[in-house]
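> Structure incoming, see below.
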Amino acid sequence: MNVITDITSQGTSQCLTRALAEQARTLNYADLPDDVRTLARQCVLDYVACTLAGAKEELTDILLAEAQEQGGAPIATVIGHPARLPVLSAALVNGAASHALDFDDVNLAMTGHPSVVLLSALLALAEERGCSGQDVLTAFVAGYELQCRLGLLLAPGHYNTLGFHATGTLGSFGAAASCAHLLGLDAEKFATALGIAGTQAAGLKSMFGTMCKPLHAGKAAYHGALAARLAQRGFTARADVIECAQGFARTHSPDFNPADALAEPPGGFHILSNLFKYHAACYMTHAPIEAARKLREQHGLTPNSIARIHLTLDETCDRICNIAAPRTGLEAKFSLRLTTAMALAGVDTGGLASYSEATASDPTLIALRDRVEFDFRTGGSNTVAQLELELTDGRRLTTSYDAGEPASDIAEQGRRLEEKLISLAVPILGSAKTRDLLGEIGRIDKLGDLRSVMRMCGT
């Protein structure tokens, strides 16, 4: 992290792209504390689980069919499928599959999903080149930190005001940094890779609830891997893409906060604030879900016992996940009303089958859904929910929940993620193969070549 400190002391944002590039480029495995290494392994585990679960979604099948029709060298594994594709095509398909169920991890510094983009690009590239687990984990953390710094640079306007989907936009930079690190690019080519990524970066929040949201993740992985590969071949781009006139910052946000981007995060790494998902819906629904579950379990509530539901949330939630009357399982994932109703009714919000047309049209859930009222406020956190229930017997129950706090017990978090992998992978891979895969991921930084692990992810 010394490069960032040095640049900050110069008091300039004129070389911001190069500063961020150099910080990512010079990161070594020896620089990673034990808890960062553990979290990186957990991110890989969660990524594989989410990608296996999303492998059979319709959008994945469509993208895979298109990629197979385009053809190319069968190099990289398509997770959850017997197919193999060229590196960029595999990054695209796996990236979309991993985000298809909106079950993948989150970091609030970038206001997006960090691992899906980075690992979809990295693992395909590593499979082509026979890279080690240590190399992949180091490159992963390098890209992770860079995209979080970019998120802080452009916050809050990039996501909240202008409506860019940071997983697609900032993720393109992160994937480029990770792949450039894995390829060992020099300082000039590394910064150039960010330039190539920046001119491709895209993704609109208006597409939430459609197949395009997961497509953003797949395209970001594709763009990042392509950027690094082109830079390695000598392709040119501006090496100051972030801060230059009409560059990424000026065209993608009303905010520009170099000091925030360059500041040292708590504990030295943004990955320490990674948030894993245990409900298969938009992360902004998680606090209301947890609050609703808490009151239901504490008081033995049934749908018929609830007369009125009042949620107090940050106003950004209204723009992110407030589909009032969802019709499909995908729309249900972005409905504060329906997911809260599901939690109050005892529906498993972590179960993939729970998000369906049948759930969206269930009369009991619709009746609960339509009792939800909102108080959207400004200046708060979109991971905090205050829930008040008015019961048919006249009682009022209140509680609150903050879904933005990282787990304090990393070991317990690891056990929960293992359970998540088992529940999502066994139906696809079977018990024996899932157990073997779990063991290999647990020792991934001891593996000299990840090709065997990737083969285990196929079917």
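Going through the structure tokens in order, the chains are called A, B, and so on, while each chain numbers its residues from 1 and the ligands are numbered from 1 in the order shown.
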Using only C-alpha atoms, I'd like a table of the residues in region 247-342 of chain A that come within 12 Å of region 389-400 of chain A; for each, show the closest atom pair and its distance in Å rounded to one decimal, ordered by chain and ascending number, as a tab-separated table.

residue	atom	partner	partner_atom	distance
A:His286	CA	A:Ser400	CA	11.6
A:Ala287	CA	A:Ser400	CA	7.9
A:Pro288	CA	A:Ser400	CA	8.1
A:Ile289	CA	A:Ser400	CA	10.5
A:Glu290	CA	A:Ser400	CA	8.7
A:Ala291	CA	A:Ser400	CA	5.8
A:Ala292	CA	A:Thr399	CA	8.4
A:Arg293	CA	A:Thr399	CA	10.4
A:Lys294	CA	A:Thr399	CA	8.1
A:Leu295	CA	A:Thr399	CA	7.4
A:Arg296	CA	A:Leu397	CA	10.1
A:Gln298	CA	A:Leu397	CA	10.3
A:His299	CA	A:Leu397	CA	9.1
A:Gly300	CA	A:Leu391	CA	11.8
A:Leu301	CA	A:Leu391	CA	9.0
A:Thr302	CA	A:Leu391	CA	10.0
A:Pro303	CA	A:Leu391	CA	9.8
A:Asn304	CA	A:Thr392	CA	7.9
A:Ser305	CA	A:Thr392	CA	5.4
A:Ile306	CA	A:Leu391	CA	4.5
A:Ala307	CA	A:Leu391	CA	5.1
A:Arg308	CA	A:Glu390	CA	5.0
A:Ile309	CA	A:Leu389	CA	4.8
A:His310	CA	A:Leu389	CA	6.3
A:Leu311	CA	A:Leu389	CA	8.8
A:Thr312	CA	A:Ser400	CA	9.2
A:Leu313	CA	A:Ser400	CA	10.2
A:Thr340	CA	A:Leu389	CA	11.5
A:Ala341	CA	A:Leu389	CA	11.7
> Could you write out the selected residues, including N, CA and C atoms, as a short mmCIF file (atom, residue, chain, number, x, y, z; two decimals), in the first residue's frame?

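Ended up saving to result_14.cif:
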data_model
loop_
_atom_site.label_atom_id
_atom_site.label_comp_id
_atom_site.auth_asym_id
_atom_site.auth_seq_id
_atom_site.Cartn_x
_atom_site.Cartn_y
_atom_site.Cartn_z
N HIS A 286 -32.09 -7.34 2.21
CA HIS A 286 -31.67 -8.24 3.28
C HIS A 286 -31.99 -7.72 4.68
N ALA A 287 -31.84 -6.43 4.91
CA ALA A 287 -32.16 -5.89 6.23
C ALA A 287 -33.66 -6.04 6.54
N PRO A 288 -34.57 -5.68 5.62
CA PRO A 288 -35.99 -5.94 5.89
C PRO A 288 -36.29 -7.42 6.10
N ILE A 289 -35.66 -8.29 5.31
CA ILE A 289 -35.88 -9.73 5.48
C ILE A 289 -35.48 -10.17 6.87
N GLU A 290 -34.29 -9.77 7.30
CA GLU A 290 -33.80 -10.20 8.62
C GLU A 290 -34.68 -9.62 9.74
N ALA A 291 -35.11 -8.38 9.60
CA ALA A 291 -35.98 -7.79 10.61
C ALA A 291 -37.31 -8.53 10.68
N ALA A 292 -37.86 -8.85 9.51
CA ALA A 292 -39.14 -9.57 9.47
C ALA A 292 -39.01 -10.98 10.05
N ARG A 293 -37.94 -11.65 9.72
CA ARG A 293 -37.71 -12.99 10.27
C ARG A 293 -37.61 -12.95 11.79
N LYS A 294 -36.91 -11.94 12.28
CA LYS A 294 -36.71 -11.82 13.72
C LYS A 294 -38.04 -11.69 14.46
N LEU A 295 -38.93 -10.80 13.97
CA LEU A 295 -40.21 -10.62 14.63
C LEU A 295 -41.11 -11.84 14.48
N ARG A 296 -41.09 -12.46 13.32
CA ARG A 296 -41.91 -13.66 13.11
C ARG A 296 -41.52 -14.76 14.08
N GLN A 298 -39.72 -14.49 16.93
CA GLN A 298 -39.86 -14.11 18.34
C GLN A 298 -41.31 -14.19 18.82
N HIS A 299 -42.25 -13.88 17.94
CA HIS A 299 -43.64 -13.73 18.37
C HIS A 299 -44.58 -14.75 17.73
N GLY A 300 -44.04 -15.71 16.99
CA GLY A 300 -44.88 -16.75 16.40
C GLY A 300 -45.94 -16.19 15.46
N LEU A 301 -45.57 -15.23 14.64
CA LEU A 301 -46.54 -14.56 13.78
C LEU A 301 -46.97 -15.44 12.61
N THR A 302 -48.21 -15.21 12.18
CA THR A 302 -48.74 -15.82 10.96
C THR A 302 -49.21 -14.68 10.05
N PRO A 303 -49.36 -14.93 8.76
CA PRO A 303 -49.82 -13.85 7.87
C PRO A 303 -51.13 -13.21 8.31
N ASN A 304 -52.05 -14.02 8.84
CA ASN A 304 -53.35 -13.47 9.23
C ASN A 304 -53.29 -12.62 10.49
N SER A 305 -52.19 -12.71 11.22
CA SER A 305 -52.08 -11.92 12.45
C SER A 305 -51.52 -10.52 12.21
N ILE A 306 -51.16 -10.20 10.98
CA ILE A 306 -50.49 -8.93 10.67
C ILE A 306 -51.45 -8.03 9.91
N ALA A 307 -51.74 -6.86 10.49
CA ALA A 307 -52.67 -5.93 9.87
C ALA A 307 -51.95 -4.88 9.02
N ARG A 308 -50.74 -4.49 9.45
CA ARG A 308 -50.04 -3.39 8.77
C ARG A 308 -48.55 -3.58 8.93
N ILE A 309 -47.80 -3.24 7.87
CA ILE A 309 -46.34 -3.40 7.85
C ILE A 309 -45.74 -2.06 7.45
N HIS A 310 -44.87 -1.52 8.29
CA HIS A 310 -44.28 -0.20 8.00
C HIS A 310 -42.76 -0.33 8.02
N LEU A 311 -42.13 0.02 6.92
CA LEU A 311 -40.68 -0.04 6.77
C LEU A 311 -40.09 1.35 6.63
N THR A 312 -39.08 1.64 7.42
CA THR A 312 -38.31 2.88 7.28
C THR A 312 -36.96 2.53 6.70
N LEU A 313 -36.65 3.12 5.52
CA LEU A 313 -35.45 2.78 4.78
C LEU A 313 -34.83 4.03 4.18
N THR A 340 -40.19 -8.97 1.95
CA THR A 340 -40.58 -8.80 3.35
C THR A 340 -41.77 -9.70 3.68
N ALA A 341 -42.73 -9.76 2.77
CA ALA A 341 -43.88 -10.64 2.96
C ALA A 341 -43.44 -12.10 3.04
#
> Any idea what's packed within 12 Å of Ala411 (chain A), counting only C-alpha atoms, ignoring anything in its chain fewer than 6 positions away? Could you give it as a PyMOL selection string?
chain A and resi 35+38-39+41-42+417-418
> Would you output that residue set with N, CA, C and O atoms, as a short mmCIF file (atom, residue, chain, number, x, y, z; two decimals), in the first residue's frame?

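Produced file out.cif, reproduced below:
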data_model
loop_
_atom_site.label_atom_id
_atom_site.label_comp_id
_atom_site.auth_asym_id
_atom_site.auth_seq_id
_atom_site.Cartn_x
_atom_site.Cartn_y
_atom_site.Cartn_z
N ASP A 35 -6.02 -13.10 7.48
CA ASP A 35 -7.47 -12.93 7.35
C ASP A 35 -7.87 -12.54 5.94
O ASP A 35 -8.94 -12.94 5.45
N THR A 38 -7.80 -15.74 3.95
CA THR A 38 -8.98 -16.54 4.27
C THR A 38 -10.21 -16.01 3.57
O THR A 38 -11.00 -16.77 2.99
N LEU A 39 -10.39 -14.70 3.60
CA LEU A 39 -11.53 -14.09 2.93
C LEU A 39 -11.48 -14.30 1.42
O LEU A 39 -12.51 -14.53 0.79
N ARG A 41 -10.18 -16.87 -0.13
CA ARG A 41 -10.60 -18.25 -0.36
C ARG A 41 -12.12 -18.38 -0.22
O ARG A 41 -12.77 -19.10 -0.99
N GLN A 42 -12.67 -17.69 0.78
CA GLN A 42 -14.12 -17.74 0.96
C GLN A 42 -14.86 -17.12 -0.23
O GLN A 42 -15.93 -17.60 -0.63
N LEU A 417 -20.68 -20.60 4.58
CA LEU A 417 -20.44 -20.63 3.14
C LEU A 417 -20.25 -22.05 2.64
O LEU A 417 -20.66 -22.38 1.52
N GLU A 418 -19.64 -22.91 3.45
CA GLU A 418 -19.54 -24.31 3.07
C GLU A 418 -20.92 -24.93 2.95
O GLU A 418 -21.20 -25.70 2.01
#
> Within 7 Å of region 143-160 of chain A, counting only C-alpha atoms, which residues qualify if same-chain residues fewer than 5 places away don't, as a compact mmCIF listing (two decimals) with all heavy atoms, in the first residue's frame?

# COMPACT_ATOMS: atom_id res chain seq x y z
N LEU A 20 -3.40 4.12 -8.87
CA LEU A 20 -4.22 2.95 -8.59
C LEU A 20 -3.67 1.70 -9.29
O LEU A 20 -3.68 0.60 -8.73
CB LEU A 20 -5.67 3.21 -9.00
CG LEU A 20 -6.40 4.30 -8.20
CD1 LEU A 20 -7.78 4.55 -8.78
CD2 LEU A 20 -6.50 3.92 -6.73
N ALA A 24 -2.13 -1.77 -7.42
CA ALA A 24 -2.59 -3.11 -7.75
C ALA A 24 -1.46 -3.96 -8.32
O ALA A 24 -1.30 -5.14 -7.97
CB ALA A 24 -3.74 -3.03 -8.76
N ALA A 109 -18.28 -0.34 -0.55
CA ALA A 109 -17.37 0.69 -1.05
C ALA A 109 -17.56 0.89 -2.54
O ALA A 109 -17.45 2.02 -3.04
CB ALA A 109 -15.92 0.30 -0.74
N MET A 110 -17.83 -0.19 -3.27
CA MET A 110 -18.08 -0.07 -4.71
C MET A 110 -19.56 -0.08 -5.03
O MET A 110 -19.95 0.08 -6.19
CB MET A 110 -17.37 -1.18 -5.49
CG MET A 110 -17.92 -2.57 -5.27
SD MET A 110 -17.27 -3.81 -6.42
CE MET A 110 -18.04 -3.34 -7.97
N THR A 111 -20.40 -0.31 -4.04
CA THR A 111 -21.85 -0.45 -4.22
C THR A 111 -22.15 -1.46 -5.32
O THR A 111 -22.89 -1.19 -6.26
CB THR A 111 -22.51 0.91 -4.55
OG1 THR A 111 -21.92 1.94 -3.76
CG2 THR A 111 -24.00 0.86 -4.25
N PRO A 114 -18.33 -7.61 -6.07
CA PRO A 114 -16.93 -7.63 -6.48
C PRO A 114 -16.42 -8.94 -7.07
O PRO A 114 -15.72 -8.95 -8.07
CB PRO A 114 -16.18 -7.31 -5.18
CG PRO A 114 -17.10 -7.78 -4.09
CD PRO A 114 -18.49 -7.55 -4.60
N LEU A 118 -14.41 -10.40 -11.06
CA LEU A 118 -12.98 -10.69 -10.98
C LEU A 118 -12.69 -12.17 -11.23
O LEU A 118 -11.81 -12.53 -12.01
CB LEU A 118 -12.44 -10.29 -9.61
CG LEU A 118 -12.69 -8.84 -9.18
CD1 LEU A 118 -12.12 -8.62 -7.78
CD2 LEU A 118 -12.08 -7.87 -10.16
N HIS A 165 -24.73 0.82 -13.01
CA HIS A 165 -24.60 -0.43 -12.25
C HIS A 165 -23.11 -0.68 -12.06
O HIS A 165 -22.40 -1.07 -12.99
CB HIS A 165 -25.24 -1.59 -13.01
CG HIS A 165 -25.19 -2.87 -12.26
ND1 HIS A 165 -25.32 -4.10 -12.89
CD2 HIS A 165 -25.04 -3.15 -10.95
CE1 HIS A 165 -25.24 -5.06 -11.98
NE2 HIS A 165 -25.07 -4.51 -10.80
N ALA A 166 -22.63 -0.44 -10.83
CA ALA A 166 -21.20 -0.47 -10.57
C ALA A 166 -20.57 -1.82 -10.83
O ALA A 166 -19.38 -1.91 -11.15
CB ALA A 166 -20.93 -0.03 -9.13
N LEU A 170 -17.51 -0.37 -12.72
CA LEU A 170 -16.28 -0.48 -11.93
C LEU A 170 -15.70 -1.88 -12.01
O LEU A 170 -14.47 -2.05 -11.93
CB LEU A 170 -16.56 -0.10 -10.48
CG LEU A 170 -17.27 1.24 -10.25
CD1 LEU A 170 -17.38 1.52 -8.76
CD2 LEU A 170 -16.57 2.36 -10.98
N GLY A 171 -16.57 -2.86 -12.18
CA GLY A 171 -16.09 -4.24 -12.32
C GLY A 171 -15.21 -4.43 -13.54
O GLY A 171 -14.30 -5.27 -13.53
N PHE A 173 -13.02 -2.31 -14.66
CA PHE A 173 -11.69 -1.89 -14.21
C PHE A 173 -11.07 -2.95 -13.30
O PHE A 173 -9.88 -3.26 -13.42
CB PHE A 173 -11.79 -0.57 -13.45
CG PHE A 173 -11.99 0.64 -14.30
CD1 PHE A 173 -13.27 1.10 -14.58
CD2 PHE A 173 -10.91 1.35 -14.80
CE1 PHE A 173 -13.47 2.23 -15.35
CE2 PHE A 173 -11.09 2.48 -15.57
CZ PHE A 173 -12.38 2.93 -15.85
N GLY A 174 -11.86 -3.46 -12.36
CA GLY A 174 -11.34 -4.46 -11.44
C GLY A 174 -10.86 -5.71 -12.15
O GLY A 174 -9.78 -6.24 -11.83
N ALA A 175 -11.65 -6.18 -13.11
CA ALA A 175 -11.26 -7.38 -13.86
C ALA A 175 -10.01 -7.11 -14.69
O ALA A 175 -9.13 -7.98 -14.82
CB ALA A 175 -12.41 -7.83 -14.76
N ALA A 177 -7.62 -5.02 -13.90
CA ALA A 177 -6.49 -4.98 -12.97
C ALA A 177 -6.09 -6.38 -12.54
O ALA A 177 -4.90 -6.71 -12.48
CB ALA A 177 -6.85 -4.13 -11.75
N SER A 178 -7.07 -7.22 -12.22
CA SER A 178 -6.77 -8.59 -11.81
C SER A 178 -6.06 -9.35 -12.92
O SER A 178 -5.05 -10.04 -12.68
CB SER A 178 -8.06 -9.32 -11.42
OG SER A 178 -8.51 -8.90 -10.15
N ALA A 249 -14.19 9.45 -14.87
CA ALA A 249 -14.76 10.13 -13.71
C ALA A 249 -15.69 11.26 -14.11
O ALA A 249 -16.81 11.38 -13.60
CB ALA A 249 -13.64 10.66 -12.82
N HIS A 252 -18.97 9.94 -15.70
CA HIS A 252 -19.75 8.92 -15.02
C HIS A 252 -20.16 9.28 -13.60
O HIS A 252 -20.76 8.44 -12.91
CB HIS A 252 -18.97 7.60 -15.00
CG HIS A 252 -18.99 6.87 -16.31
ND1 HIS A 252 -18.28 7.31 -17.41
CD2 HIS A 252 -19.65 5.75 -16.70
CE1 HIS A 252 -18.49 6.48 -18.42
NE2 HIS A 252 -19.33 5.54 -18.02
N SER A 253 -19.87 10.48 -13.14
CA SER A 253 -20.31 10.87 -11.81
C SER A 253 -20.20 12.37 -11.61
O SER A 253 -19.27 13.00 -12.13
CB SER A 253 -19.48 10.17 -10.73
OG SER A 253 -19.92 10.54 -9.43
N PRO A 254 -21.13 12.96 -10.84
CA PRO A 254 -20.96 14.36 -10.46
C PRO A 254 -19.97 14.53 -9.32
O PRO A 254 -19.62 15.66 -8.96
CB PRO A 254 -22.38 14.76 -10.01
CG PRO A 254 -22.98 13.48 -9.51
CD PRO A 254 -22.42 12.39 -10.39
N ASP A 255 -19.51 13.41 -8.75
CA ASP A 255 -18.61 13.44 -7.60
C ASP A 255 -17.22 12.95 -8.00
O ASP A 255 -17.08 12.06 -8.84
CB ASP A 255 -19.15 12.54 -6.48
CG ASP A 255 -20.56 12.93 -6.09
OD1 ASP A 255 -20.75 14.07 -5.65
OD2 ASP A 255 -21.48 12.09 -6.25
N PHE A 256 -16.20 13.54 -7.37
CA PHE A 256 -14.82 13.15 -7.66
C PHE A 256 -14.03 13.31 -6.37
O PHE A 256 -13.72 14.43 -5.96
CB PHE A 256 -14.24 14.01 -8.78
CG PHE A 256 -12.87 13.61 -9.22
CD1 PHE A 256 -12.63 12.36 -9.78
CD2 PHE A 256 -11.80 14.49 -9.10
CE1 PHE A 256 -11.36 12.00 -10.21
CE2 PHE A 256 -10.52 14.14 -9.53
CZ PHE A 256 -10.31 12.88 -10.08
N ASN A 257 -13.72 12.21 -5.70
CA ASN A 257 -13.15 12.22 -4.36
C ASN A 257 -11.81 11.49 -4.31
O ASN A 257 -11.72 10.38 -3.76
CB ASN A 257 -14.12 11.55 -3.38
CG ASN A 257 -15.55 12.03 -3.53
OD1 ASN A 257 -15.82 13.22 -3.42
ND2 ASN A 257 -16.48 11.11 -3.81
N PRO A 258 -10.74 12.08 -4.84
CA PRO A 258 -9.44 11.39 -4.85
C PRO A 258 -8.96 11.00 -3.46
O PRO A 258 -8.39 9.91 -3.28
CB PRO A 258 -8.50 12.41 -5.50
CG PRO A 258 -9.39 13.28 -6.32
CD PRO A 258 -10.66 13.37 -5.56
N ASP A 260 -10.67 10.11 -0.88
CA ASP A 260 -11.37 8.90 -0.44
C ASP A 260 -10.86 7.66 -1.17
O ASP A 260 -10.73 6.58 -0.58
CB ASP A 260 -12.87 9.05 -0.68
CG ASP A 260 -13.51 10.10 0.21
OD1 ASP A 260 -12.91 10.44 1.24
OD2 ASP A 260 -14.59 10.59 -0.13
N ALA A 261 -10.56 7.82 -2.44
CA ALA A 261 -10.06 6.69 -3.22
C ALA A 261 -8.68 6.25 -2.76
O ALA A 261 -8.36 5.06 -2.76
CB ALA A 261 -10.02 7.05 -4.71
N LEU A 262 -7.87 7.21 -2.37
CA LEU A 262 -6.50 6.92 -1.98
C LEU A 262 -6.33 6.60 -0.50
O LEU A 262 -5.26 6.14 -0.08
CB LEU A 262 -5.61 8.11 -2.35
CG LEU A 262 -5.52 8.45 -3.84
CD1 LEU A 262 -4.78 9.76 -4.05
CD2 LEU A 262 -4.86 7.34 -4.63
N PHE A 269 -7.34 -3.23 3.98
CA PHE A 269 -7.87 -3.87 2.78
C PHE A 269 -9.40 -3.75 2.75
O PHE A 269 -10.07 -4.04 3.75
CB PHE A 269 -7.49 -5.36 2.73
CG PHE A 269 -6.04 -5.62 2.48
CD1 PHE A 269 -5.15 -5.66 3.54
CD2 PHE A 269 -5.56 -5.82 1.19
CE1 PHE A 269 -3.80 -5.90 3.32
CE2 PHE A 269 -4.21 -6.06 0.96
CZ PHE A 269 -3.32 -6.10 2.03
N HIS A 270 -9.93 -3.37 1.60
CA HIS A 270 -11.38 -3.30 1.44
C HIS A 270 -12.04 -4.67 1.51
O HIS A 270 -13.22 -4.77 1.87
CB HIS A 270 -11.72 -2.62 0.11
CG HIS A 270 -11.49 -1.14 0.12
ND1 HIS A 270 -12.27 -0.27 0.85
CD2 HIS A 270 -10.56 -0.39 -0.52
CE1 HIS A 270 -11.84 0.97 0.66
NE2 HIS A 270 -10.80 0.93 -0.16
N ILE A 271 -11.33 -5.72 1.17
CA ILE A 271 -11.93 -7.05 1.19
C ILE A 271 -12.37 -7.45 2.59
O ILE A 271 -13.25 -8.31 2.75
CB ILE A 271 -10.96 -8.10 0.59
CG1 ILE A 271 -11.71 -9.40 0.29
CG2 ILE A 271 -9.78 -8.35 1.52
CD1 ILE A 271 -10.86 -10.45 -0.43
N THR A 316 -32.52 5.57 -1.21
CA THR A 316 -31.90 4.89 -2.35
C THR A 316 -32.52 3.52 -2.60
O THR A 316 -32.51 3.03 -3.73
CB THR A 316 -30.38 4.74 -2.14
OG1 THR A 316 -30.14 4.05 -0.91
CG2 THR A 316 -29.70 6.09 -2.09
> When you draw a straight line from CA of Ser89 (chain A) to CA of Leu64 (chain A), how long is it in Å?
8.4 Å
> Nearest to Leu226 (chain A): which of A:Leu438, A:Ala280, A:Ala139, A:Leu88 is it, counting only C-alpha atoms?
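When distances to Leu226 (chain A) are compared using only C-alpha atoms, the smallest one comes from A:Leu88.
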